[in-house]
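J.: Pasting a structure here, questions to come.
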Amino acid sequence: MSRIGRMPIDIPSGVNVKVQGRSVVVEKGKVALTHALPPGISVAVGSGAVSFTREGDTRQLRALHGLTRALVANAVKGVHQSFTRELEIVGIGYKAQVQGRTLNLSLGFSHPIDFPIPDGIEIKVDKLTRLVVSGADRQLVGQVAAEIRGLRPPEPYKGKGVKYVDEVIKKKAGKAGKTGAAAGA
């Protein structure tokens, strides 16, 4: 069996996991995430744990076994404690602020950028230059953070732009200036 797929998922207190047809619903309070089960994978919700089994031993079913278990484990973890991704804005005059369900960004362009915040995502701004994207759906948190970073990726000469907090920007050396004798006098 798949090493990851055969591990049961412990259900924290307050989290409710139920099977509806061919999908698994994970909910806690108002937050609910649904994951569709691929054909050939079945789920069993026991006392305090969720386990997955597969019908055959084909390569595709083995891969889907571990994938399905990992996605449902992320859903359980996400509704219990939300996922976060931190971004940092680097540059003179670059800033961000949240107004309602819109993130307003000034990133050195001639116009401000209005980024609509999707449902299920919360964005907090610290000190105008640090963004914290959080939510229950791990994939959606990463996607929103990547879209915000994509509005102005960090450039390699001065490092200006939007970057992840743990990202290291390798700076390039600029043009080498003219030197006296080598300038072709």
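Convention: chains lettered A, B, ... in structure tokens order; per-chain residue numbering from 1; ligands numbered from 1 as shown.
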Can you tell me which residues surround Gly66 in chain A at a distance of at most 12 Å, considering only C-alpha atoms, apart from same-chain residues fewer than 5 positions away, and format the answer as a list in words?
T.: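 Within the cut-off, the hits are Met1, Ser2, Arg3, Ile4, Gly5, Arg6, Met7, Pro8, Ile9, Leu37, Pro38, Ile41, Ser51, Phe52, Thr53, Arg54, Arg59, Gln60, Leu61, Leu71, Val72 and Ala73 of chain A.
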J.: Within 9 Å of Val25 in chain A, counting only C-alpha atoms, which residues qualify if same-chain residues fewer than 3 places away don't, as an MDAnalysis selection string?
T.: chainID A and resid 16:20 32:36 72 75
J.: Output C-alpha atoms of each residue in that selection to a file, as a short mmCIF file (atom, residue, chain, number, x, y, z; two decimals), in the first residue's frame.
T.:
data_model
loop_
_atom_site.label_atom_id
_atom_site.label_comp_id
_atom_site.auth_asym_id
_atom_site.auth_seq_id
_atom_site.Cartn_x
_atom_site.Cartn_y
_atom_site.Cartn_z
CA ASN A 16 -16.58 17.25 11.61
CA VAL A 17 -15.75 14.91 8.70
CA LYS A 18 -18.53 13.21 6.75
CA VAL A 19 -18.91 11.39 3.46
CA GLN A 20 -21.60 12.56 1.04
CA ALA A 32 -16.45 23.85 5.14
CA LEU A 33 -14.19 22.28 2.52
CA THR A 34 -15.29 19.56 0.08
CA HIS A 35 -13.03 17.12 -1.75
CA ALA A 36 -14.30 14.78 -4.48
CA VAL A 72 -8.12 15.60 2.85
CA ALA A 75 -8.52 20.20 4.51
#
J.: Could you find all residues in range 15-46 of chain A that DSSP calls strand (DSSP E or B) from the backbone, and write them as a list in words?
T.: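 Those residues are Asn16, Val17, Lys18, Val19, Gln20, Ser23, Val24, Val25, Val26, Glu27, Lys28, Val31, Ala32, Leu33, Thr34, His35, Ala36, Ile41, Ser42, Val43, Ala44 and Val45 of chain A.
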J.: Might you pull out every residue within 7 Å of range 165-173 of chain A, with only C-alpha atoms counted and same-chain residues fewer than 2 positions away left off, and present them as a list in words?
T.: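 Counting only C-alpha atoms, the residues come to Glu86, Leu87, Glu88, Pro156, Tyr157, Lys158, Gly159, Lys163 and Lys175 of chain A.
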J.: When distances are computed from only C-alpha atoms, which of A:Asp57, A:Asp126, A:Glu27, A:Asp119 shows the smallest separation from Val144 in chain A?
T.: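 Among A:Asp57, A:Asp126, A:Glu27, A:Asp119, it is A:Asp119 that comes nearest to Val144 in chain A.
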J.: Give me the residues near range 90-93 of chain A as a list in words, where near means some atom within 10 Å (using only C-alpha atoms) and where sequence neighbours in that chain fewer than 4 positions away do not count.
T.: Ser106, Leu107, Gly108, Leu128, Thr129, Arg130, Pro154, Lys158, Gly159, Lys160, Gly161, Val162 and Lys163 of chain A
J.: Excluding Val125 in chain A and residues on its chain fewer than 4 positions from it, collect all residues at most 8 Å away from it, counting only C-alpha atoms, and give them as a PyMOL selection string.
T.: chain A and resi 96-98+129-132
J.: Measuring atom to atom with only C-alpha atoms, identify which of A:Arg62, A:Arg149, A:Lys30, A:His80 is nearest to Gly14 in chain A.
T.: A:His80
J.: So how many Å separate CA of Val79 in chain A and CA of Pro12 in chain A, to one decimal?
T.: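 Result for CA of Val79 in chain A versus CA of Pro12 in chain A: 9.9 Å, one decimal.
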J.: Of the candidates A:Gly40, A:Ile148, A:Lys95, A:Val141, which one gets nearest to Thr58 in chain A if we count only C-alpha atoms?
T.: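 Smallest distance to Thr58 in chain A is found for A:Gly40.
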J.: Identify, with DSSP run on backbone atoms, the residues in range 2-176 of chain A assigned to alpha helix (DSSP H), and express the list as a PDB file with all heavy atoms, in the first residue's frame.
T.:
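Heads up, here's the output in states_6.pdb:
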ATOM      1  N   ARG A  59      -0.747   1.567 -10.993  1.00  0.00           N
ATOM      2  CA  ARG A  59       0.118   2.714 -10.716  1.00  0.00           C
ATOM      3  C   ARG A  59      -0.711   3.970 -10.441  1.00  0.00           C
ATOM      4  O   ARG A  59      -0.426   4.733  -9.517  1.00  0.00           O
ATOM      5  CB  ARG A  59       1.043   2.925 -11.915  1.00  0.00           C
ATOM      6  CG  ARG A  59       2.026   4.031 -11.734  1.00  0.00           C
ATOM      7  CD  ARG A  59       2.872   4.164 -13.002  1.00  0.00           C
ATOM      8  NE  ARG A  59       3.825   5.216 -12.830  1.00  0.00           N
ATOM      9  CZ  ARG A  59       5.126   5.030 -12.696  1.00  0.00           C
ATOM     10  NH1 ARG A  59       5.629   3.812 -12.712  1.00  0.00           N
ATOM     11  NH2 ARG A  59       5.944   6.037 -12.541  1.00  0.00           N
ATOM     12  N   GLN A  60      -1.755   4.183 -11.250  1.00  0.00           N
ATOM     13  CA  GLN A  60      -2.588   5.372 -11.086  1.00  0.00           C
ATOM     14  C   GLN A  60      -3.345   5.344  -9.750  1.00  0.00           C
ATOM     15  O   GLN A  60      -3.427   6.350  -9.053  1.00  0.00           O
ATOM     16  CB  GLN A  60      -3.571   5.507 -12.238  1.00  0.00           C
ATOM     17  CG  GLN A  60      -4.396   6.770 -12.155  1.00  0.00           C
ATOM     18  CD  GLN A  60      -5.347   6.921 -13.315  1.00  0.00           C
ATOM     19  OE1 GLN A  60      -5.585   5.980 -14.059  1.00  0.00           O
ATOM     20  NE2 GLN A  60      -5.907   8.102 -13.471  1.00  0.00           N
ATOM     21  N   LEU A  61      -3.885   4.206  -9.372  1.00  0.00           N
ATOM     22  CA  LEU A  61      -4.610   4.112  -8.101  1.00  0.00           C
ATOM     23  C   LEU A  61      -3.675   4.305  -6.910  1.00  0.00           C
ATOM     24  O   LEU A  61      -4.067   4.903  -5.904  1.00  0.00           O
ATOM     25  CB  LEU A  61      -5.333   2.770  -7.981  1.00  0.00           C
ATOM     26  CG  LEU A  61      -6.712   2.694  -8.628  1.00  0.00           C
ATOM     27  CD1 LEU A  61      -7.302   1.314  -8.450  1.00  0.00           C
ATOM     28  CD2 LEU A  61      -7.636   3.744  -8.059  1.00  0.00           C
ATOM     29  N   ARG A  62      -2.459   3.804  -7.009  1.00  0.00           N
ATOM     30  CA  ARG A  62      -1.502   4.014  -5.923  1.00  0.00           C
ATOM     31  C   ARG A  62      -1.194   5.500  -5.756  1.00  0.00           C
ATOM     32  O   ARG A  62      -1.096   6.003  -4.636  1.00  0.00           O
ATOM     33  CB  ARG A  62      -0.212   3.232  -6.185  1.00  0.00           C
ATOM     34  CG  ARG A  62      -0.365   1.737  -6.002  1.00  0.00           C
ATOM     35  CD  ARG A  62       0.989   1.033  -5.949  1.00  0.00           C
ATOM     36  NE  ARG A  62       1.900   1.427  -7.005  1.00  0.00           N
ATOM     37  CZ  ARG A  62       2.169   0.710  -8.094  1.00  0.00           C
ATOM     38  NH1 ARG A  62       1.586  -0.457  -8.275  1.00  0.00           N
ATOM     39  NH2 ARG A  62       3.024   1.142  -8.985  1.00  0.00           N
ATOM     40  N   ALA A  63      -1.038   6.190  -6.878  1.00  0.00           N
ATOM     41  CA  ALA A  63      -0.759   7.630  -6.821  1.00  0.00           C
ATOM     42  C   ALA A  63      -1.961   8.400  -6.260  1.00  0.00           C
ATOM     43  O   ALA A  63      -1.797   9.295  -5.417  1.00  0.00           O
ATOM     44  CB  ALA A  63      -0.402   8.146  -8.206  1.00  0.00           C
ATOM     45  N   LEU A  64      -3.162   8.057  -6.706  1.00  0.00           N
ATOM     46  CA  LEU A  64      -4.363   8.742  -6.236  1.00  0.00           C
ATOM     47  C   LEU A  64      -4.647   8.462  -4.762  1.00  0.00           C
ATOM     48  O   LEU A  64      -5.230   9.288  -4.067  1.00  0.00           O
ATOM     49  CB  LEU A  64      -5.576   8.338  -7.081  1.00  0.00           C
ATOM     50  CG  LEU A  64      -5.609   8.899  -8.498  1.00  0.00           C
ATOM     51  CD1 LEU A  64      -6.775   8.299  -9.265  1.00  0.00           C
ATOM     52  CD2 LEU A  64      -5.705  10.409  -8.470  1.00  0.00           C
ATOM     53  N   HIS A  65      -4.228   7.297  -4.286  1.00  0.00           N
ATOM     54  CA  HIS A  65      -4.430   6.924  -2.889  1.00  0.00           C
ATOM     55  C   HIS A  65      -3.720   7.921  -1.970  1.00  0.00           C
ATOM     56  O   HIS A  65      -4.325   8.500  -1.054  1.00  0.00           O
ATOM     57  CB  HIS A  65      -3.912   5.499  -2.679  1.00  0.00           C
ATOM     58  CG  HIS A  65      -4.251   4.911  -1.350  1.00  0.00           C
ATOM     59  ND1 HIS A  65      -3.532   3.881  -0.816  1.00  0.00           N
ATOM     60  CD2 HIS A  65      -5.197   5.203  -0.432  1.00  0.00           C
ATOM     61  CE1 HIS A  65      -4.040   3.553   0.363  1.00  0.00           C
ATOM     62  NE2 HIS A  65      -5.052   4.344   0.614  1.00  0.00           N
ATOM     63  N   GLY A  66      -2.440   8.142  -2.206  1.00  0.00           N
ATOM     64  CA  GLY A  66      -1.676   9.079  -1.388  1.00  0.00           C
ATOM     65  C   GLY A  66      -2.106  10.518  -1.593  1.00  0.00           C
ATOM     66  O   GLY A  66      -2.163  11.305  -0.649  1.00  0.00           O
ATOM     67  N   LEU A  67      -2.431  10.866  -2.828  1.00  0.00           N
ATOM     68  CA  LEU A  67      -2.855  12.232  -3.125  1.00  0.00           C
ATOM     69  C   LEU A  67      -4.152  12.574  -2.412  1.00  0.00           C
ATOM     70  O   LEU A  67      -4.274  13.632  -1.795  1.00  0.00           O
ATOM     71  CB  LEU A  67      -3.030  12.414  -4.636  1.00  0.00           C
ATOM     72  CG  LEU A  67      -3.633  13.749  -5.075  1.00  0.00           C
ATOM     73  CD1 LEU A  67      -2.640  14.869  -4.845  1.00  0.00           C
ATOM     74  CD2 LEU A  67      -4.051  13.699  -6.522  1.00  0.00           C
ATOM     75  N   THR A  68      -5.121  11.669  -2.478  1.00  0.00           N
ATOM     76  CA  THR A  68      -6.413  11.921  -1.851  1.00  0.00           C
ATOM     77  C   THR A  68      -6.257  12.069  -0.343  1.00  0.00           C
ATOM     78  O   THR A  68      -6.836  12.963   0.271  1.00  0.00           O
ATOM     79  CB  THR A  68      -7.395  10.783  -2.175  1.00  0.00           C
ATOM     80  OG1 THR A  68      -7.491  10.663  -3.587  1.00  0.00           O
ATOM     81  CG2 THR A  68      -8.757  11.059  -1.601  1.00  0.00           C
ATOM     82  N   ARG A  69      -5.450  11.194   0.253  1.00  0.00           N
ATOM     83  CA  ARG A  69      -5.227  11.278   1.695  1.00  0.00           C
ATOM     84  C   ARG A  69      -4.572  12.603   2.068  1.00  0.00           C
ATOM     85  O   ARG A  69      -4.949  13.260   3.030  1.00  0.00           O
ATOM     86  CB  ARG A  69      -4.343  10.110   2.155  1.00  0.00           C
ATOM     87  CG  ARG A  69      -4.211  10.000   3.661  1.00  0.00           C
ATOM     88  CD  ARG A  69      -2.887  10.546   4.108  1.00  0.00           C
ATOM     89  NE  ARG A  69      -2.761  10.482   5.559  1.00  0.00           N
ATOM     90  CZ  ARG A  69      -2.160  11.414   6.259  1.00  0.00           C
ATOM     91  NH1 ARG A  69      -1.654  12.466   5.680  1.00  0.00           N
ATOM     92  NH2 ARG A  69      -2.062  11.309   7.556  1.00  0.00           N
ATOM     93  N   ALA A  70      -3.587  13.047   1.275  1.00  0.00           N
ATOM     94  CA  ALA A  70      -2.888  14.300   1.558  1.00  0.00           C
ATOM     95  C   ALA A  70      -3.816  15.509   1.420  1.00  0.00           C
ATOM     96  O   ALA A  70      -3.780  16.431   2.240  1.00  0.00           O
ATOM     97  CB  ALA A  70      -1.682  14.455   0.641  1.00  0.00           C
ATOM     98  N   LEU A  71      -4.682  15.506   0.399  1.00  0.00           N
ATOM     99  CA  LEU A  71      -5.591  16.631   0.192  1.00  0.00           C
ATOM    100  C   LEU A  71      -6.628  16.726   1.308  1.00  0.00           C
ATOM    101  O   LEU A  71      -6.956  17.816   1.778  1.00  0.00           O
ATOM    102  CB  LEU A  71      -6.267  16.518  -1.167  1.00  0.00           C
ATOM    103  CG  LEU A  71      -5.349  16.708  -2.381  1.00  0.00           C
ATOM    104  CD1 LEU A  71      -6.103  16.447  -3.666  1.00  0.00           C
ATOM    105  CD2 LEU A  71      -4.741  18.091  -2.392  1.00  0.00           C
ATOM    106  N   VAL A  72      -7.151  15.586   1.752  1.00  0.00           N
ATOM    107  CA  VAL A  72      -8.120  15.601   2.846  1.00  0.00           C
ATOM    108  C   VAL A  72      -7.423  15.978   4.161  1.00  0.00           C
ATOM    109  O   VAL A  72      -7.988  16.692   4.988  1.00  0.00           O
ATOM    110  CB  VAL A  72      -8.868  14.254   2.947  1.00  0.00           C
ATOM    111  CG1 VAL A  72      -9.759  14.206   4.175  1.00  0.00           C
ATOM    112  CG2 VAL A  72      -9.698  14.018   1.695  1.00  0.00           C
ATOM    113  N   ALA A  73      -6.183  15.537   4.360  1.00  0.00           N
ATOM    114  CA  ALA A  73      -5.428  15.928   5.554  1.00  0.00           C
ATOM    115  C   ALA A  73      -5.202  17.438   5.575  1.00  0.00           C
ATOM    116  O   ALA A  73      -5.289  18.071   6.637  1.00  0.00           O
ATOM    117  CB  ALA A  73      -4.095  15.182   5.609  1.00  0.00           C
ATOM    118  N   ASN A  74      -4.928  18.022   4.414  1.00  0.00           N
ATOM    119  CA  ASN A  74      -4.774  19.478   4.337  1.00  0.00           C
ATOM    120  C   ASN A  74      -6.089  20.183   4.651  1.00  0.00           C
ATOM    121  O   ASN A  74      -6.098  21.244   5.271  1.00  0.00           O
ATOM    122  CB  ASN A  74      -4.275  19.896   2.955  1.00  0.00           C
ATOM    123  CG  ASN A  74      -2.801  19.645   2.780  1.00  0.00           C
ATOM    124  OD1 ASN A  74      -2.064  19.509   3.747  1.00  0.00           O
ATOM    125  ND2 ASN A  74      -2.365  19.561   1.537  1.00  0.00           N
ATOM    126  N   ALA A  75      -7.215  19.607   4.214  1.00  0.00           N
ATOM    127  CA  ALA A  75      -8.518  20.199   4.506  1.00  0.00           C
ATOM    128  C   ALA A  75      -8.798  20.151   6.011  1.00  0.00           C
ATOM    129  O   ALA A  75      -9.276  21.129   6.591  1.00  0.00           O
ATOM    130  CB  ALA A  75      -9.610  19.475   3.732  1.00  0.00           C
ATOM    131  N   VAL A  76      -8.475  19.038   6.658  1.00  0.00           N
ATOM    132  CA  VAL A  76      -8.684  18.911   8.101  1.00  0.00           C
ATOM    133  C   VAL A  76      -7.812  19.920   8.844  1.00  0.00           C
ATOM    134  O   VAL A  76      -8.274  20.617   9.755  1.00  0.00           O
ATOM    135  CB  VAL A  76      -8.386  17.462   8.573  1.00  0.00           C
ATOM    136  CG1 VAL A  76      -8.326  17.387  10.089  1.00  0.00           C
ATOM    137  CG2 VAL A  76      -9.422  16.505   8.032  1.00  0.00           C
ATOM    138  N   LYS A  77      -6.553  20.029   8.445  1.00  0.00           N
ATOM    139  CA  LYS A  77      -5.646  20.977   9.091  1.00  0.00           C
ATOM    140  C   LYS A  77      -6.084  22.418   8.825  1.00  0.00           C
ATOM    141  O   LYS A  77      -5.998  23.274   9.705  1.00  0.00           O
ATOM    142  CB  LYS A  77      -4.221  20.762   8.594  1.00  0.00           C
ATOM    143  CG  LYS A  77      -3.199  21.636   9.277  1.00  0.00           C
ATOM    144  CD  LYS A  77      -1.803  21.351   8.804  1.00  0.00           C
ATOM    145  CE  LYS A  77      -0.808  22.293   9.464  1.00  0.00           C
ATOM    146  NZ  LYS A  77       0.542  22.116   8.957  1.00  0.00           N
ATOM    147  N   GLY A  78      -6.570  22.691   7.614  1.00  0.00           N
ATOM    148  CA  GLY A  78      -6.971  24.045   7.250  1.00  0.00           C
ATOM    149  C   GLY A  78      -8.184  24.548   8.000  1.00  0.00           C
ATOM    150  O   GLY A  78      -8.237  25.716   8.386  1.00  0.00           O
ATOM    151  N   VAL A  79      -9.189  23.685   8.227  1.00  0.00           N
ATOM    152  CA  VAL A  79     -10.366  24.150   8.969  1.00  0.00           C
ATOM    153  C   VAL A  79     -10.058  24.248  10.461  1.00  0.00           C
ATOM    154  O   VAL A  79     -10.677  25.028  11.175  1.00  0.00           O
ATOM    155  CB  VAL A  79     -11.616  23.267   8.729  1.00  0.00           C
ATOM    156  CG1 VAL A  79     -12.035  23.299   7.289  1.00  0.00           C
ATOM    157  CG2 VAL A  79     -11.421  21.860   9.208  1.00  0.00           C
ATOM    158  N   HIS A  80      -9.103  23.459  10.948  1.00  0.00           N
ATOM    159  CA  HIS A  80      -8.736  23.512  12.365  1.00  0.00           C
ATOM    160  C   HIS A  80      -7.874  24.741  12.659  1.00  0.00           C
ATOM    161  O   HIS A  80      -8.132  25.481  13.603  1.00  0.00           O
ATOM    162  CB  HIS A  80      -8.010  22.231  12.772  1.00  0.00           C
ATOM    163  CG  HIS A  80      -7.706  22.143  14.228  1.00  0.00           C
ATOM    164  ND1 HIS A  80      -8.694  22.170  15.190  1.00  0.00           N
ATOM    165  CD2 HIS A  80      -6.534  22.042  14.906  1.00  0.00           C
ATOM    166  CE1 HIS A  80      -8.135  22.088  16.382  1.00  0.00           C
ATOM    167  NE2 HIS A  80      -6.820  22.012  16.241  1.00  0.00           N
ATOM    168  N   ARG A 138      -5.546  25.357   1.444  1.00  0.00           N
ATOM    169  CA  ARG A 138      -4.115  25.545   1.233  1.00  0.00           C
ATOM    170  C   ARG A 138      -3.795  25.947  -0.205  1.00  0.00           C
ATOM    171  O   ARG A 138      -2.962  26.819  -0.450  1.00  0.00           O
ATOM    172  CB  ARG A 138      -3.384  24.252   1.591  1.00  0.00           C
ATOM    173  CG  ARG A 138      -1.896  24.361   1.498  1.00  0.00           C
ATOM    174  CD  ARG A 138      -1.237  23.089   1.964  1.00  0.00           C
ATOM    175  NE  ARG A 138       0.189  23.274   2.039  1.00  0.00           N
ATOM    176  CZ  ARG A 138       1.016  22.374   2.525  1.00  0.00           C
ATOM    177  NH1 ARG A 138       0.567  21.235   2.976  1.00  0.00           N
ATOM    178  NH2 ARG A 138       2.306  22.604   2.549  1.00  0.00           N
ATOM    179  N   GLN A 139      -4.453  25.324  -1.157  1.00  0.00           N
ATOM    180  CA  GLN A 139      -4.197  25.621  -2.564  1.00  0.00           C
ATOM    181  C   GLN A 139      -4.593  27.060  -2.889  1.00  0.00           C
ATOM    182  O   GLN A 139      -3.861  27.773  -3.573  1.00  0.00           O
ATOM    183  CB  GLN A 139      -4.961  24.630  -3.452  1.00  0.00           C
ATOM    184  CG  GLN A 139      -4.618  24.707  -4.920  1.00  0.00           C
ATOM    185  CD  GLN A 139      -5.422  25.740  -5.691  1.00  0.00           C
ATOM    186  OE1 GLN A 139      -6.561  26.046  -5.346  1.00  0.00           O
ATOM    187  NE2 GLN A 139      -4.839  26.278  -6.728  1.00  0.00           N
ATOM    188  N   LEU A 140      -5.742  27.506  -2.374  1.00  0.00           N
ATOM    189  CA  LEU A 140      -6.212  28.857  -2.662  1.00  0.00           C
ATOM    190  C   LEU A 140      -5.319  29.913  -2.016  1.00  0.00           C
ATOM    191  O   LEU A 140      -5.045  30.947  -2.625  1.00  0.00           O
ATOM    192  CB  LEU A 140      -7.661  29.009  -2.186  1.00  0.00           C
ATOM    193  CG  LEU A 140      -8.370  30.303  -2.554  1.00  0.00           C
ATOM    194  CD1 LEU A 140      -8.426  30.483  -4.067  1.00  0.00           C
ATOM    195  CD2 LEU A 140      -9.768  30.322  -1.981  1.00  0.00           C
ATOM    196  N   VAL A 141      -4.822  29.649  -0.809  1.00  0.00           N
ATOM    197  CA  VAL A 141      -3.909  30.586  -0.145  1.00  0.00           C
ATOM    198  C   VAL A 141      -2.635  30.752  -0.977  1.00  0.00           C
ATOM    199  O   VAL A 141      -2.176  31.868  -1.221  1.00  0.00           O
ATOM    200  CB  VAL A 141      -3.573  30.102   1.288  1.00  0.00           C
ATOM    201  CG1 VAL A 141      -2.419  30.899   1.875  1.00  0.00           C
ATOM    202  CG2 VAL A 141      -4.788  30.222   2.177  1.00  0.00           C
ATOM    203  N   GLY A 142      -2.069  29.638  -1.437  1.00  0.00           N
ATOM    204  CA  GLY A 142      -0.859  29.703  -2.258  1.00  0.00           C
ATOM    205  C   GLY A 142      -1.094  30.382  -3.590  1.00  0.00           C
ATOM    206  O   GLY A 142      -0.253  31.138  -4.073  1.00  0.00           O
ATOM    207  N   GLN A 143      -2.265  30.129  -4.188  1.00  0.00           N
ATOM    208  CA  GLN A 143      -2.588  30.732  -5.487  1.00  0.00           C
ATOM    209  C   GLN A 143      -2.745  32.245  -5.369  1.00  0.00           C
ATOM    210  O   GLN A 143      -2.226  32.995  -6.188  1.00  0.00           O
ATOM    211  CB  GLN A 143      -3.876  30.110  -6.044  1.00  0.00           C
ATOM    212  CG  GLN A 143      -4.280  30.625  -7.398  1.00  0.00           C
ATOM    213  CD  GLN A 143      -3.305  30.252  -8.487  1.00  0.00           C
ATOM    214  OE1 GLN A 143      -2.758  29.154  -8.485  1.00  0.00           O
ATOM    215  NE2 GLN A 143      -3.077  31.147  -9.417  1.00  0.00           N
ATOM    216  N   VAL A 144      -3.445  32.706  -4.336  1.00  0.00           N
ATOM    217  CA  VAL A 144      -3.637  34.150  -4.140  1.00  0.00           C
ATOM    218  C   VAL A 144      -2.299  34.826  -3.861  1.00  0.00           C
ATOM    219  O   VAL A 144      -2.005  35.896  -4.410  1.00  0.00           O
ATOM    220  CB  VAL A 144      -4.659  34.408  -3.010  1.00  0.00           C
ATOM    221  CG1 VAL A 144      -4.674  35.869  -2.606  1.00  0.00           C
ATOM    222  CG2 VAL A 144      -6.045  33.978  -3.450  1.00  0.00           C
ATOM    223  N   ALA A 145      -1.461  34.205  -3.027  1.00  0.00           N
ATOM    224  CA  ALA A 145      -0.142  34.776  -2.739  1.00  0.00           C
ATOM    225  C   ALA A 145       0.705  34.853  -4.004  1.00  0.00           C
ATOM    226  O   ALA A 145       1.405  35.848  -4.241  1.00  0.00           O
ATOM    227  CB  ALA A 145       0.577  33.953  -1.667  1.00  0.00           C
ATOM    228  N   ALA A 146       0.633  33.835  -4.849  1.00  0.00           N
ATOM    229  CA  ALA A 146       1.397  33.839  -6.102  1.00  0.00           C
ATOM    230  C   ALA A 146       0.875  34.906  -7.065  1.00  0.00           C
ATOM    231  O   ALA A 146       1.663  35.544  -7.781  1.00  0.00           O
ATOM    232  CB  ALA A 146       1.334  32.467  -6.762  1.00  0.00           C
ATOM    233  N   GLU A 147      -0.443  35.118  -7.099  1.00  0.00           N
ATOM    234  CA  GLU A 147      -0.999  36.157  -7.975  1.00  0.00           C
ATOM    235  C   GLU A 147      -0.584  37.545  -7.511  1.00  0.00           C
ATOM    236  O   GLU A 147      -0.277  38.413  -8.333  1.00  0.00           O
ATOM    237  CB  GLU A 147      -2.521  36.034  -8.025  1.00  0.00           C
ATOM    238  CG  GLU A 147      -3.010  34.843  -8.820  1.00  0.00           C
ATOM    239  CD  GLU A 147      -4.520  34.656  -8.773  1.00  0.00           C
ATOM    240  OE1 GLU A 147      -5.220  35.516  -8.184  1.00  0.00           O
ATOM    241  OE2 GLU A 147      -4.989  33.656  -9.325  1.00  0.00           O
ATOM    242  N   ILE A 148      -0.572  37.774  -6.192  1.00  0.00           N
ATOM    243  CA  ILE A 148      -0.135  39.076  -5.676  1.00  0.00           C
ATOM    244  C   ILE A 148       1.342  39.288  -5.989  1.00  0.00           C
ATOM    245  O   ILE A 148       1.747  40.357  -6.426  1.00  0.00           O
ATOM    246  CB  ILE A 148      -0.416  39.183  -4.162  1.00  0.00           C
ATOM    247  CG1 ILE A 148      -1.921  39.207  -3.911  1.00  0.00           C
ATOM    248  CG2 ILE A 148       0.241  40.424  -3.581  1.00  0.00           C
ATOM    249  CD1 ILE A 148      -2.303  39.102  -2.459  1.00  0.00           C
ATOM    250  N   ARG A 149       2.160  38.252  -5.799  1.00  0.00           N
ATOM    251  CA  ARG A 149       3.588  38.352  -6.116  1.00  0.00           C
ATOM    252  C   ARG A 149       3.790  38.599  -7.603  1.00  0.00           C
ATOM    253  O   ARG A 149       4.681  39.336  -8.003  1.00  0.00           O
ATOM    254  CB  ARG A 149       4.312  37.073  -5.702  1.00  0.00           C
ATOM    255  CG  ARG A 149       5.807  37.119  -5.948  1.00  0.00           C
ATOM    256  CD  ARG A 149       6.453  35.765  -5.649  1.00  0.00           C
ATOM    257  NE  ARG A 149       7.867  35.772  -5.864  1.00  0.00           N
ATOM    258  CZ  ARG A 149       8.460  35.596  -7.049  1.00  0.00           C
ATOM    259  NH1 ARG A 149       7.732  35.400  -8.130  1.00  0.00           N
ATOM    260  NH2 ARG A 149       9.773  35.624  -7.151  1.00  0.00           N
ATOM    261  N   GLY A 150       2.951  38.006  -8.435  1.00  0.00           N
ATOM    262  CA  GLY A 150       3.073  38.156  -9.880  1.00  0.00           C
ATOM    263  C   GLY A 150       2.757  39.546 -10.386  1.00  0.00           C
ATOM    264  O   GLY A 150       3.100  39.883 -11.521  1.00  0.00           O
ATOM    265  N   LEU A 151       2.101  40.381  -9.574  1.00  0.00           N
ATOM    266  CA  LEU A 151       1.812  41.753 -10.000  1.00  0.00           C
ATOM    267  C   LEU A 151       3.084  42.575 -10.147  1.00  0.00           C
ATOM    268  O   LEU A 151       3.163  43.464 -10.985  1.00  0.00           O
ATOM    269  CB  LEU A 151       0.867  42.424  -8.997  1.00  0.00           C
ATOM    270  CG  LEU A 151      -0.531  41.816  -8.905  1.00  0.00           C
ATOM    271  CD1 LEU A 151      -1.304  42.461  -7.768  1.00  0.00           C
ATOM    272  CD2 LEU A 151      -1.271  41.975 -10.223  1.00  0.00           C
TER     273      LEU A 151
END
